[in-house]
$ cat input.cif   # mmCIF, C-alpha atoms
data_upload
#
loop_
_atom_site.label_atom_id
_atom_site.label_comp_id
_atom_site.auth_asym_id
_atom_site.auth_seq_id
_atom_site.Cartn_x
_atom_site.Cartn_y
_atom_site.Cartn_z
CA MET A 657 0.00 0.00 0.00
CA THR A 658 1.38 3.42 -0.88
CA ARG A 659 0.52 6.71 0.71
CA ASP A 660 1.13 10.11 -0.79
CA PRO A 661 2.99 12.18 1.79
CA ASN A 662 2.24 15.30 -0.19
CA ASN A 663 -1.50 14.81 -0.08
CA ALA A 664 -2.67 18.40 0.06
CA ASP A 665 -6.08 17.45 1.28
CA SER A 666 -4.65 15.62 4.28
CA GLN A 667 -2.50 18.62 5.17
CA ARG A 668 -5.37 21.04 4.77
CA HIS A 669 -7.63 19.06 7.06
CA ALA A 670 -4.98 18.09 9.61
CA PRO A 671 -4.81 20.21 12.76
CA GLN A 672 -2.63 23.25 12.20
CA GLN A 673 0.98 23.21 13.39
CA GLY A 674 1.71 25.33 16.43
CA GLN A 675 -1.80 25.06 17.84
CA ASP A 676 -2.42 23.17 21.02
CA VAL A 677 -4.44 20.42 19.33
CA PRO A 678 -5.44 17.25 21.10
CA ALA A 679 -3.25 14.29 20.21
CA ASP A 680 -4.77 11.48 18.19
CA ASP A 681 -4.77 9.10 21.14
CA GLN A 682 -6.73 11.62 23.20
CA LEU A 683 -9.26 12.16 20.42
CA VAL A 684 -9.67 8.42 19.84
CA ALA A 685 -10.06 7.80 23.59
CA TYR A 686 -12.59 10.63 23.68
CA LEU A 687 -14.60 9.01 20.87
CA ASP A 688 -14.44 5.69 22.74
CA GLY A 689 -15.62 7.23 26.01
CA GLU A 690 -12.39 6.25 27.75
CA LEU A 691 -11.38 9.63 29.14
CA ASP A 692 -12.07 10.77 32.67
CA ASP A 693 -14.58 13.60 33.02
CA GLU A 694 -12.00 16.34 33.47
CA THR A 695 -9.94 15.37 30.44
CA ALA A 696 -13.07 14.93 28.34
CA ARG A 697 -14.19 18.45 29.29
CA THR A 698 -10.78 19.81 28.28
CA ILE A 699 -11.07 18.12 24.90
CA GLU A 700 -14.59 19.46 24.41
CA GLU A 701 -13.48 22.98 25.23
CA ARG A 702 -10.72 22.68 22.67
CA LEU A 703 -13.08 21.28 20.06
CA SER A 704 -15.56 24.08 20.64
CA THR A 705 -12.97 26.69 19.61
CA ASP A 706 -10.86 24.90 17.06
CA ALA A 707 -12.43 24.00 13.73
CA GLY A 708 -9.33 22.06 12.66
CA SER A 709 -9.57 19.75 15.65
CA ARG A 710 -13.30 19.27 15.07
CA ASP A 711 -12.63 18.37 11.47
CA HIS A 712 -9.90 15.93 12.48
CA LEU A 713 -12.21 14.33 15.04
CA GLY A 714 -14.92 14.04 12.40
CA ARG A 715 -12.56 12.24 10.05
CA LEU A 716 -11.51 9.79 12.73
CA GLU A 717 -15.17 9.15 13.49
CA ARG A 718 -16.03 8.65 9.83
CA THR A 719 -13.26 6.09 9.40
CA TRP A 720 -14.49 4.26 12.48
CA ASP A 721 -18.07 4.22 11.27
CA ALA A 722 -16.90 2.84 7.93
CA LEU A 723 -15.99 -0.39 9.71
CA ASP A 724 -19.72 -1.00 10.11
CA ASP A 725 -19.68 -1.81 6.39
CA LEU A 726 -17.73 -4.95 7.21
CA GLY A 727 -20.87 -6.47 8.61
CA ARG A 728 -21.21 -9.41 10.93
CA ALA A 729 -20.86 -13.03 9.93
CA GLU A 730 -23.95 -15.19 9.76
CA VAL A 731 -23.33 -18.75 10.78
CA ASP A 732 -25.60 -21.53 9.62
CA GLU A 733 -26.86 -24.69 11.30
CA THR A 734 -24.20 -26.80 9.58
CA PHE A 735 -21.43 -24.98 11.39
CA THR A 736 -23.15 -25.49 14.74
CA GLN A 737 -23.74 -29.18 14.08
CA THR A 738 -20.21 -29.93 12.91
CA THR A 739 -18.71 -28.06 15.84
CA ILE A 740 -20.88 -29.93 18.34
CA GLU A 741 -19.93 -33.23 16.70
CA MET A 742 -16.26 -32.29 16.82
CA VAL A 743 -16.46 -31.43 20.50
CA ALA A 744 -18.41 -34.62 21.26
CA LEU A 745 -15.72 -36.65 19.49
CA ALA A 746 -13.00 -34.88 21.46
CA ALA A 747 -14.89 -35.52 24.70
CA GLU A 748 -15.13 -39.21 23.84
CA GLU A 749 -11.41 -39.41 23.10
CA ASP A 750 -10.62 -37.64 26.37
CA GLN A 751 -12.82 -40.16 28.20
CA GLN A 752 -11.04 -43.10 26.58
CA GLN A 753 -7.66 -41.65 27.47
CA GLU A 754 -8.87 -41.24 31.04
CA GLU A 755 -10.01 -44.85 31.20
CA LEU A 756 -6.66 -46.08 29.89
CA ARG A 757 -4.89 -44.10 32.57
CA GLN A 758 -7.24 -45.45 35.31
CA PRO A 759 -5.55 -48.87 36.09
CA ALA A 760 -2.11 -47.29 36.23
CA ARG A 761 -3.46 -44.56 38.46
CA GLN A 762 -5.17 -47.13 40.73
CA ARG A 763 -1.95 -49.11 41.06
CA ARG A 764 -0.05 -45.94 41.91
CA LYS A 765 -2.61 -45.08 44.59
CA TRP A 766 -2.29 -48.50 46.24
CA LEU A 767 1.49 -48.26 46.16
CA ILE A 768 1.46 -44.84 47.76
CA ALA A 769 -0.98 -46.07 50.42
CA ALA A 770 1.20 -49.11 51.20
CA VAL A 771 4.37 -47.05 51.45
CA GLY A 772 2.58 -44.56 53.65
CA LEU A 773 1.33 -47.28 55.95
CA LEU A 774 4.77 -48.81 56.26
CA GLY A 775 6.26 -45.45 56.96
CA PHE A 776 3.77 -44.72 59.70
CA GLY A 777 4.36 -48.13 61.20
CA LEU A 778 8.10 -47.62 61.36
CA ALA A 779 7.70 -44.14 62.76
CA GLY A 780 5.35 -45.41 65.42
CA PHE A 781 7.67 -48.21 66.43
CA ALA A 782 10.63 -45.83 66.73
CA THR A 783 8.59 -43.38 68.80
CA VAL A 784 7.31 -45.99 71.20
CA ARG A 785 10.78 -47.42 71.59
CA ALA A 786 12.26 -44.02 72.34
CA VAL A 787 9.56 -43.00 74.80
CA SER A 788 8.88 -46.19 76.77
CA THR A 789 11.29 -47.30 79.57
CA ASN A 790 12.42 -50.91 80.00
CA PRO A 791 11.87 -51.80 83.64
CA ASN A 792 14.56 -54.46 83.34
CA GLU A 793 17.11 -51.87 82.22
CA GLN A 794 16.95 -50.14 85.56
CA LEU A 795 17.39 -53.44 87.41
CA LEU A 796 20.43 -54.35 85.35
CA GLU A 797 21.97 -51.00 86.10
CA ASP A 798 21.41 -51.44 89.85
CA LEU A 799 22.57 -55.09 89.94
CA PRO A 800 26.01 -54.42 91.49
CA VAL A 801 24.33 -52.58 94.35
CA LEU A 802 21.67 -55.24 94.75
CA GLN A 803 24.28 -57.96 94.95
CA ARG A 804 25.74 -56.26 98.09
CA LEU A 805 22.57 -54.71 99.37
CA GLU A 806 22.78 -56.33 102.81
CA GLU A 807 26.29 -54.98 103.35
CA TYR A 808 25.40 -51.50 102.16
CA GLN A 809 22.44 -51.37 104.46
CA GLN A 810 24.90 -51.50 107.37
CA ILE A 811 26.38 -48.17 106.26
CA ASP A 812 24.68 -44.91 107.05
CA ASP A 813 26.05 -42.74 104.31
CA ILE A 814 28.29 -42.69 101.30
CA GLU A 815 30.71 -40.14 102.71
CA PHE A 816 31.68 -42.63 105.50
CA LEU A 817 32.45 -45.26 102.84
CA GLU A 818 34.58 -42.81 100.86
CA LEU A 819 36.46 -41.98 104.03
CA LEU A 820 37.20 -45.66 104.66
CA HIS A 821 38.33 -46.01 101.05
CA GLN A 822 40.71 -43.08 101.41
CA GLU A 823 42.23 -44.73 104.52
CA LYS A 824 42.94 -47.74 102.34
CA LEU A 825 41.77 -50.06 105.07
CA PHE A 826 40.44 -52.61 102.61
CA GLU A 827 43.32 -52.74 100.16
CA PRO A 828 44.43 -56.34 99.45
CA ALA A 829 47.61 -57.20 101.35
CA ASP A 830 50.85 -57.48 99.33
CA GLU A 831 52.15 -61.01 99.35
CA MET B 1349 -20.51 -21.23 31.51
CA LEU B 1350 -20.75 -22.61 35.04
CA GLU B 1351 -23.18 -25.21 33.72
CA VAL B 1352 -20.79 -26.02 30.90
CA ARG B 1353 -18.09 -26.43 33.53
CA ASP B 1354 -20.37 -28.97 35.21
CA ASP B 1355 -20.60 -30.94 31.92
CA ASN B 1356 -24.03 -29.71 30.84
CA ALA B 1357 -23.99 -30.41 27.07
CA ALA B 1358 -27.14 -28.37 26.36
CA ALA B 1359 -25.58 -25.36 28.08
CA PHE B 1360 -22.48 -25.68 25.90
CA GLU B 1361 -24.60 -25.75 22.76
CA GLU B 1362 -26.53 -22.67 23.89
CA LEU B 1363 -23.29 -20.84 24.62
CA MET B 1364 -21.96 -21.75 21.21
CA VAL B 1365 -25.07 -20.55 19.38
CA ARG B 1366 -24.89 -17.27 21.28
CA TYR B 1367 -21.26 -16.54 20.45
CA GLN B 1368 -20.42 -18.39 17.23
CA GLY B 1369 -21.40 -15.54 14.88
CA ARG B 1370 -19.39 -13.03 16.85
CA VAL B 1371 -16.34 -15.26 17.03
CA VAL B 1372 -16.45 -16.00 13.30
CA THR B 1373 -16.87 -12.27 12.57
CA VAL B 1374 -13.76 -11.30 14.52
CA LEU B 1375 -11.69 -14.17 13.15
CA THR B 1376 -12.80 -13.48 9.56
CA HIS B 1377 -11.42 -9.98 9.78
CA VAL B 1378 -8.30 -11.10 11.64
CA VAL B 1379 -7.24 -13.68 9.06
CA GLY B 1380 -9.07 -12.22 6.06
CA ASN B 1381 -10.56 -15.53 5.05
CA ARG B 1382 -14.05 -16.78 5.96
CA ASP B 1383 -13.34 -20.49 5.56
CA GLN B 1384 -10.24 -20.36 7.68
CA ALA B 1385 -12.13 -18.24 10.22
CA GLU B 1386 -14.76 -20.96 10.61
CA ASP B 1387 -12.06 -23.60 11.16
CA LEU B 1388 -10.41 -21.40 13.74
CA ALA B 1389 -13.75 -20.69 15.43
CA GLN B 1390 -14.32 -24.43 15.81
CA ASP B 1391 -10.86 -24.69 17.35
CA VAL B 1392 -11.82 -21.90 19.77
CA PHE B 1393 -14.96 -23.71 20.95
CA LEU B 1394 -13.07 -26.96 21.30
CA ARG B 1395 -10.54 -25.19 23.53
CA VAL B 1396 -13.40 -23.63 25.52
CA TYR B 1397 -14.81 -27.10 26.12
CA ARG B 1398 -11.45 -28.62 27.08
CA ALA B 1399 -10.66 -25.74 29.42
CA ARG B 1400 -14.11 -25.65 31.02
CA LYS B 1401 -12.92 -27.05 34.36
CA ARG B 1402 -10.47 -24.15 34.72
CA TYR B 1403 -13.14 -21.47 34.29
CA VAL B 1404 -13.23 -19.21 37.34
CA PRO B 1405 -16.69 -18.07 38.48
CA GLY B 1406 -16.97 -14.31 38.56
CA ALA B 1407 -14.62 -13.81 35.59
CA LYS B 1408 -16.37 -12.25 32.60
CA PHE B 1409 -16.96 -15.03 30.10
CA SER B 1410 -16.54 -12.87 26.98
CA THR B 1411 -13.11 -11.69 28.15
CA TRP B 1412 -12.06 -15.29 28.71
CA LEU B 1413 -13.52 -16.38 25.37
CA TYR B 1414 -11.80 -13.62 23.40
CA THR B 1415 -8.49 -14.34 25.11
CA ILE B 1416 -8.75 -17.73 23.41
CA VAL B 1417 -9.87 -16.08 20.15
CA ASN B 1418 -6.89 -13.71 20.32
CA ASN B 1419 -4.55 -16.62 20.90
CA VAL B 1420 -5.96 -18.75 18.10
CA GLY B 1421 -6.18 -15.85 15.63
CA LEU B 1422 -2.68 -14.52 16.18
CA ASN B 1423 -1.21 -18.03 16.06
CA ALA B 1424 -2.90 -18.55 12.72
CA LEU B 1425 -1.44 -15.32 11.36
CA ARG B 1426 2.04 -16.22 12.57
CA SER B 1427 1.80 -19.71 11.08
CA ARG B 1428 0.74 -18.19 7.80
CA ALA B 1429 3.63 -15.73 7.89
CA ARG B 1430 6.08 -18.63 8.31
CA ARG B 1431 4.69 -20.49 5.29
CA PRO B 1432 5.97 -19.47 1.84
CA GLU B 1433 3.28 -17.75 -0.18
CA VAL B 1434 2.34 -18.89 -3.64
CA THR B 1435 1.15 -16.06 -5.82
CA LEU B 1436 -1.40 -17.09 -8.37
CA GLU B 1437 -1.42 -15.18 -11.60
CA GLY B 1438 -4.81 -13.68 -12.37
CA ARG B 1439 -6.50 -14.90 -15.47
CA GLU B 1440 -8.99 -13.19 -17.59
CA SER B 1441 -12.38 -14.66 -16.92
CA GLY B 1442 -14.73 -12.00 -18.19
CA PRO B 1443 -15.12 -8.72 -19.98
CA MET B 1444 -13.55 -6.74 -17.16
CA GLY B 1445 -10.17 -8.46 -17.40
CA ILE B 1446 -7.89 -9.77 -14.68
CA ARG B 1447 -8.83 -7.45 -11.84
CA PRO B 1448 -12.46 -6.49 -12.15
CA LEU B 1449 -12.46 -4.48 -8.93
CA GLU B 1450 -9.63 -2.29 -10.14
CA ALA B 1451 -11.30 -1.92 -13.51
CA MET B 1452 -14.47 -0.81 -11.76
CA ALA B 1453 -12.55 1.66 -9.62
CA GLN B 1454 -10.76 3.08 -12.63
CA ALA B 1455 -13.97 3.44 -14.55
CA ALA B 1456 -15.71 4.95 -11.57
CA SER B 1457 -12.93 7.42 -10.80
CA GLY B 1458 -13.39 8.85 -14.25
CA GLN B 1459 -16.69 10.24 -13.01
CA MET B 1460 -17.24 13.32 -10.80
CA PRO B 1461 -15.11 13.19 -7.58
CA ALA B 1462 -18.20 13.41 -5.39
CA ARG B 1463 -19.57 10.14 -6.72
CA VAL B 1464 -21.86 7.74 -4.94
CA VAL B 1465 -19.71 5.06 -3.41
CA ASP B 1466 -20.79 1.59 -4.32
CA LYS B 1467 -21.61 -0.23 -1.09
CA SER B 1468 -19.98 -3.52 -1.93
CA GLU B 1469 -16.86 -1.82 -3.26
CA ALA B 1470 -16.63 0.28 -0.10
CA ARG B 1471 -16.92 -2.86 1.99
CA ASP B 1472 -14.06 -4.47 0.07
CA ILE B 1473 -11.92 -1.34 0.42
CA VAL B 1474 -12.55 -1.17 4.18
CA ARG B 1475 -11.85 -4.89 4.53
CA LEU B 1476 -8.55 -4.54 2.70
CA ALA B 1477 -7.69 -1.45 4.75
CA VAL B 1478 -8.15 -3.47 7.95
CA GLN B 1479 -5.80 -6.10 6.53
CA THR B 1480 -3.07 -3.45 6.23
CA LEU B 1481 -2.98 -3.13 10.04
CA ASN B 1482 -0.52 -5.29 11.91
CA GLU B 1483 -1.95 -8.23 13.83
CA ARG B 1484 -2.20 -6.52 17.21
CA GLN B 1485 -3.73 -3.35 15.82
CA ARG B 1486 -6.21 -5.43 13.86
CA MET B 1487 -7.27 -7.51 16.86
CA ALA B 1488 -7.64 -4.43 19.08
CA VAL B 1489 -9.75 -2.67 16.44
CA LEU B 1490 -12.01 -5.69 15.94
CA LEU B 1491 -12.54 -6.25 19.66
CA SER B 1492 -13.33 -2.58 20.13
CA LYS B 1493 -15.61 -2.31 17.12
CA PHE B 1494 -17.47 -5.62 17.06
CA GLU B 1495 -17.39 -6.61 20.71
CA GLU B 1496 -17.56 -3.06 22.07
CA MET B 1497 -14.97 -3.95 24.64
CA SER B 1498 -13.52 -1.29 26.88
CA TYR B 1499 -9.78 -0.58 26.79
CA ALA B 1500 -9.42 -2.46 30.08
CA GLU B 1501 -11.22 -5.51 28.70
CA ILE B 1502 -9.17 -5.49 25.51
CA ALA B 1503 -6.02 -5.13 27.60
CA GLU B 1504 -6.96 -8.16 29.67
CA THR B 1505 -7.85 -10.17 26.56
CA MET B 1506 -4.62 -9.35 24.75
CA GLY B 1507 -2.34 -9.44 27.77
CA LEU B 1508 -1.32 -5.81 27.42
CA SER B 1509 -1.64 -2.69 29.55
CA THR B 1510 -4.57 -0.31 29.12
CA GLN B 1511 -2.14 2.41 28.03
CA ALA B 1512 -0.72 0.09 25.38
CA ILE B 1513 -4.23 -0.55 24.05
CA LYS B 1514 -4.92 3.18 23.98
CA SER B 1515 -1.79 3.71 21.86
CA LEU B 1516 -2.52 0.68 19.71
CA LEU B 1517 -6.04 1.85 18.85
CA SER B 1518 -4.89 5.38 18.24
CA ARG B 1519 -2.23 4.22 15.77
CA ALA B 1520 -4.62 1.78 14.12
CA ARG B 1521 -7.36 4.33 13.57
CA SER B 1522 -4.90 6.90 12.37
CA ASN B 1523 -3.56 4.37 9.86
CA LEU B 1524 -7.06 3.49 8.71
CA ARG B 1525 -7.88 7.16 8.27
CA GLU B 1526 -4.79 7.67 6.14
CA VAL B 1527 -5.72 4.71 3.94
CA LEU B 1528 -9.43 5.41 3.59
CA GLU B 1529 -9.59 9.19 3.53
CA PRO B 1530 -8.44 9.62 -0.08
CA TYR B 1531 -11.04 7.05 -1.12
CA PHE B 1532 -13.89 8.70 0.74
CA ASP B 1533 -12.87 12.21 -0.29
CA GLN B 1534 -11.94 11.69 -3.89
CA GLY B 1535 -12.73 8.11 -4.83
CA GLN B 1536 -9.00 7.46 -5.01
CA ARG B 1537 -8.65 3.75 -4.53
CA PRO B 1538 -5.77 2.80 -2.24
CA ASP B 1539 -3.03 0.68 -3.75
CA PHE B 1540 -3.11 -2.54 -1.74
CA ASP B 1541 -0.64 -4.37 -3.94
CA ASP B 1542 2.36 -3.53 -1.73
CA GLU B 1543 2.33 -5.59 1.50
CA GLU B 1544 3.53 -2.70 3.63
CA THR B 1545 2.42 -3.28 7.17
CA PRO B 1546 2.54 -0.24 9.41
CA THR B 1547 4.46 -0.49 12.62
CA GLU B 1548 2.89 0.32 15.95
#
$ encode --input "input.cif" --output "structure tokens"
Amino acid sequence: MTRDPNNADSQRHAPQQGQDVPADDQLVAYLDGELDDETARTIEERLSTDAGSRDHLGRLERTWDALDDLGRAEVDETFTQTTIEMVALAAEEDQQQEELRQPARQRRKWLIAAVGLLGFGLAGFATVRAVSTNPNEQLLEDLPVLQRLEEYQQIDDIEFLELLHQEKLFEPADE
Amino acid sequence: MLEVRDDNAAAFEELMVRYQGRVVTVLTHVVGNRDQAEDLAQDVFLRVYRARKRYVPGAKFSTWLYTIVNNVGLNALRSRARRPEVTLEGRESGPMGIRPLEAMAQAASGQMPARVVDKSEARDIVRLAVQTLNERQRMAVLLSKFEEMSYAEIAETMGLSTQAIKSLLSRARSNLREVLEPYFDQGQRPDFDDEETPTE
């Protein structure tokens, strides 16, 4: 597509240089109702005093209205039917794919459940083992004392025994 | 759409009937070909069906729908741009020669400048003028014109900012004015032979 940059008509109808004319994006937004109230009022004030800007706005509006000539597409029953059939076919294929994936998915679920159960079991065992005390452990630890319990019961306190030990009264005799 | 999401087939059909004309209209002017537009529209509705479970209640359905339309349309244009074009030589098939439209325009321009514009010729000129816009300008114009979307809605549909849409539409309409004005003022038919696509 070629455009004539020296189109005298375009230059004549374009907003004059040096004037404070609204930019194209402001005029287009004004036509589309996209400006805030204050900005729209400013544009309207400008348009009321500047014939060049009004003309430019009119040309933008005319071009926009020309798009109405494009018309809207009419779609017949055949299109609707074929589209519905296409979607139904796709839905059926999706369903078949889903059913093929179902056994594998079921197996995966069972596997995850089994692993989870085992994991919980192990965790539970470790927890119980850590928390619970073995009554026999304590007895084993105290066994040396229990073996000489009758002798120890003759002593009043530990400090007296340590004193006797320091005096070395019970050292085995040298041969 | 919520009923479609819940697998109501009748609701899907009703939705389709309500929007199919509008979707085909936009796509026809995006790709410039009615047959291809219908194929693409079917693709759009198939995607709507497949994505139905992801539809969020409260979101405006038309914005969601035209996001898909935008995606499908622009992908089609890009695919076409990547394919080599085969230019068919025109052949004479009647008294008006190879390009009857041009012949008509030439004959018509020989009349008074303030001539009555033939409606069907004007429609063709406007259609070709829209095709001179780049893909994003074209989509923004079509959504604004045929779907009467606000800048914010178009921005959401196209994944751009509202300011970007404002600039896009301004450039697009300015470009259209430049192309169509000589035709409306003087009957000077634009030369669409050069594939010069304006930048944004």
$ closest_residue --input "input.cif" --among "B:Val1474, B:Leu1350, B:Val1392, B:Ala1503" --to "chain A" --atoms "all atoms listed in the file"
B:Val1474
$ closest_atom_pairs --input "input.cif" --of "chain B" --to "chain A" --cutoff "9 Å" --atoms "only C-alpha atoms" --output "CSV"
residue,atom,partner,partner_atom,distance
B:Phe1360,CA,A:Ile740,CA,8.8
B:Glu1361,CA,A:Ile740,CA,7.1
B:Met1364,CA,A:Thr736,CA,7.6
B:Val1365,CA,A:Thr736,CA,7.0
B:Gln1368,CA,A:Val731,CA,7.1
B:Gly1369,CA,A:Val731,CA,5.6
B:Arg1370,CA,A:Ala729,CA,7.1
B:Val1371,CA,A:Ala729,CA,8.7
B:Val1372,CA,A:Ala729,CA,6.3
B:Thr1373,CA,A:Ala729,CA,4.8
B:Val1374,CA,A:Arg728,CA,8.5
B:Thr1376,CA,A:Ala729,CA,8.1
B:His1377,CA,A:Leu726,CA,8.5
B:Arg1382,CA,A:Ala729,CA,8.7
B:Glu1386,CA,A:Phe735,CA,7.8
B:Ala1389,CA,A:Thr739,CA,8.9
B:Gln1390,CA,A:Thr739,CA,5.7
B:Asp1391,CA,A:Thr739,CA,8.7
B:Phe1393,CA,A:Thr739,CA,7.7
B:Leu1394,CA,A:Val743,CA,5.7
B:Tyr1397,CA,A:Val743,CA,7.3
B:Arg1398,CA,A:Ala747,CA,8.1
B:Lys1467,CA,A:Asp725,CA,7.9
B:Ser1468,CA,A:Asp725,CA,8.5
B:Ala1470,CA,A:Asp725,CA,7.5
B:Arg1471,CA,A:Asp725,CA,5.3
B:Asp1472,CA,A:Leu726,CA,8.0
B:Val1474,CA,A:Leu723,CA,6.6
B:Arg1475,CA,A:Leu726,CA,6.5
B:Val1478,CA,A:Leu723,CA,8.6
B:Thr1480,CA,A:Met657,CA,7.8
B:Ser1492,CA,A:Asp688,CA,8.7
B:Lys1493,CA,A:Leu723,CA,7.7
B:Phe1494,CA,A:Arg728,CA,8.1
B:Ser1498,CA,A:Glu690,CA,7.7
B:Tyr1499,CA,A:Glu690,CA,7.4
B:Lys1514,CA,A:Asp681,CA,6.6
B:Ser1515,CA,A:Asp681,CA,6.2
B:Leu1516,CA,A:Asp681,CA,8.8
B:Leu1517,CA,A:Val684,CA,7.6
B:Ser1518,CA,A:Asp681,CA,4.7
B:Arg1519,CA,A:Asp681,CA,7.7
B:Arg1521,CA,A:Leu716,CA,6.9
B:Ser1522,CA,A:Leu716,CA,7.2
B:Leu1524,CA,A:Thr719,CA,6.8
B:Arg1525,CA,A:Thr719,CA,5.6
B:Glu1526,CA,A:Arg659,CA,7.7
B:Val1527,CA,A:Arg659,CA,7.3
B:Leu1528,CA,A:Thr719,CA,7.0
B:Glu1529,CA,A:Thr719,CA,7.6
B:Pro1530,CA,A:Asp665,CA,8.3
B:Asp1533,CA,A:Asp665,CA,8.7
B:Pro1538,CA,A:Met657,CA,6.8
B:Asp1539,CA,A:Met657,CA,4.9
B:Phe1540,CA,A:Met657,CA,4.4
B:Asp1541,CA,A:Met657,CA,5.9
B:Asp1542,CA,A:Met657,CA,4.6
B:Glu1543,CA,A:Met657,CA,6.2
B:Glu1544,CA,A:Met657,CA,5.7
B:Thr1545,CA,A:Met657,CA,8.2
$ write_last_selection --input "input.cif" --atoms "C-alpha atoms" --output "PDB file, in the coordinates of the input"
ATOM      1  CA  PHE B1360     -22.480 -25.680  25.900  1.00  0.00           C
ATOM      2  CA  GLU B1361     -24.600 -25.750  22.760  1.00  0.00           C
ATOM      3  CA  MET B1364     -21.960 -21.750  21.210  1.00  0.00           C
ATOM      4  CA  VAL B1365     -25.070 -20.550  19.380  1.00  0.00           C
ATOM      5  CA  GLN B1368     -20.420 -18.390  17.230  1.00  0.00           C
ATOM      6  CA  GLY B1369     -21.400 -15.540  14.880  1.00  0.00           C
ATOM      7  CA  ARG B1370     -19.390 -13.030  16.850  1.00  0.00           C
ATOM      8  CA  VAL B1371     -16.340 -15.260  17.030  1.00  0.00           C
ATOM      9  CA  VAL B1372     -16.450 -16.000  13.300  1.00  0.00           C
ATOM     10  CA  THR B1373     -16.870 -12.270  12.570  1.00  0.00           C
ATOM     11  CA  VAL B1374     -13.760 -11.300  14.520  1.00  0.00           C
ATOM     12  CA  THR B1376     -12.800 -13.480   9.560  1.00  0.00           C
ATOM     13  CA  HIS B1377     -11.420  -9.980   9.780  1.00  0.00           C
ATOM     14  CA  ARG B1382     -14.050 -16.780   5.960  1.00  0.00           C
ATOM     15  CA  GLU B1386     -14.760 -20.960  10.610  1.00  0.00           C
ATOM     16  CA  ALA B1389     -13.750 -20.690  15.430  1.00  0.00           C
ATOM     17  CA  GLN B1390     -14.320 -24.430  15.810  1.00  0.00           C
ATOM     18  CA  ASP B1391     -10.860 -24.690  17.350  1.00  0.00           C
ATOM     19  CA  PHE B1393     -14.960 -23.710  20.950  1.00  0.00           C
ATOM     20  CA  LEU B1394     -13.070 -26.960  21.300  1.00  0.00           C
ATOM     21  CA  TYR B1397     -14.810 -27.100  26.120  1.00  0.00           C
ATOM     22  CA  ARG B1398     -11.450 -28.620  27.080  1.00  0.00           C
ATOM     23  CA  LYS B1467     -21.610  -0.230  -1.090  1.00  0.00           C
ATOM     24  CA  SER B1468     -19.980  -3.520  -1.930  1.00  0.00           C
ATOM     25  CA  ALA B1470     -16.630   0.280  -0.100  1.00  0.00           C
ATOM     26  CA  ARG B1471     -16.920  -2.860   1.990  1.00  0.00           C
ATOM     27  CA  ASP B1472     -14.060  -4.470   0.070  1.00  0.00           C
ATOM     28  CA  VAL B1474     -12.550  -1.170   4.180  1.00  0.00           C
ATOM     29  CA  ARG B1475     -11.850  -4.890   4.530  1.00  0.00           C
ATOM     30  CA  VAL B1478      -8.150  -3.470   7.950  1.00  0.00           C
ATOM     31  CA  THR B1480      -3.070  -3.450   6.230  1.00  0.00           C
ATOM     32  CA  SER B1492     -13.330  -2.580  20.130  1.00  0.00           C
ATOM     33  CA  LYS B1493     -15.610  -2.310  17.120  1.00  0.00           C
ATOM     34  CA  PHE B1494     -17.470  -5.620  17.060  1.00  0.00           C
ATOM     35  CA  SER B1498     -13.520  -1.290  26.880  1.00  0.00           C
ATOM     36  CA  TYR B1499      -9.780  -0.580  26.790  1.00  0.00           C
ATOM     37  CA  LYS B1514      -4.920   3.180  23.980  1.00  0.00           C
ATOM     38  CA  SER B1515      -1.790   3.710  21.860  1.00  0.00           C
ATOM     39  CA  LEU B1516      -2.520   0.680  19.710  1.00  0.00           C
ATOM     40  CA  LEU B1517      -6.040   1.850  18.850  1.00  0.00           C
ATOM     41  CA  SER B1518      -4.890   5.380  18.240  1.00  0.00           C
ATOM     42  CA  ARG B1519      -2.230   4.220  15.770  1.00  0.00           C
ATOM     43  CA  ARG B1521      -7.360   4.330  13.570  1.00  0.00           C
ATOM     44  CA  SER B1522      -4.900   6.900  12.370  1.00  0.00           C
ATOM     45  CA  LEU B1524      -7.060   3.490   8.710  1.00  0.00           C
ATOM     46  CA  ARG B1525      -7.880   7.160   8.270  1.00  0.00           C
ATOM     47  CA  GLU B1526      -4.790   7.670   6.140  1.00  0.00           C
ATOM     48  CA  VAL B1527      -5.720   4.710   3.940  1.00  0.00           C
ATOM     49  CA  LEU B1528      -9.430   5.410   3.590  1.00  0.00           C
ATOM     50  CA  GLU B1529      -9.590   9.190   3.530  1.00  0.00           C
ATOM     51  CA  PRO B1530      -8.440   9.620  -0.080  1.00  0.00           C
ATOM     52  CA  ASP B1533     -12.870  12.210  -0.290  1.00  0.00           C
ATOM     53  CA  PRO B1538      -5.770   2.800  -2.240  1.00  0.00           C
ATOM     54  CA  ASP B1539      -3.030   0.680  -3.750  1.00  0.00           C
ATOM     55  CA  PHE B1540      -3.110  -2.540  -1.740  1.00  0.00           C
ATOM     56  CA  ASP B1541      -0.640  -4.370  -3.940  1.00  0.00           C
ATOM     57  CA  ASP B1542       2.360  -3.530  -1.730  1.00  0.00           C
ATOM     58  CA  GLU B1543       2.330  -5.590   1.500  1.00  0.00           C
ATOM     59  CA  GLU B1544       3.530  -2.700   3.630  1.00  0.00           C
ATOM     60  CA  THR B1545       2.420  -3.280   7.170  1.00  0.00           C
TER      61      THR B1545
END
$ atom_distance --input "input.cif" --atom1 "CA of Asn1419 in chain B" --atom2 "CA of Gln753 in chain A"
26.1 Å
$ atom_distance --input "input.cif" --atom1 "CA of Glu754 in chain A" --atom2 "CA of Ala1357 in chain B"
19.0 Å
$ resolve_selection --input "input.cif" --expression "the PyMOL selection byres ((chain B and resi 1409) around 12)" --output "VMD selection string"
chain B and resid 1349 to 1350 1352 to 1353 1363 1367 1396 1400 1403 to 1408 1410 to 1416 1501 1505
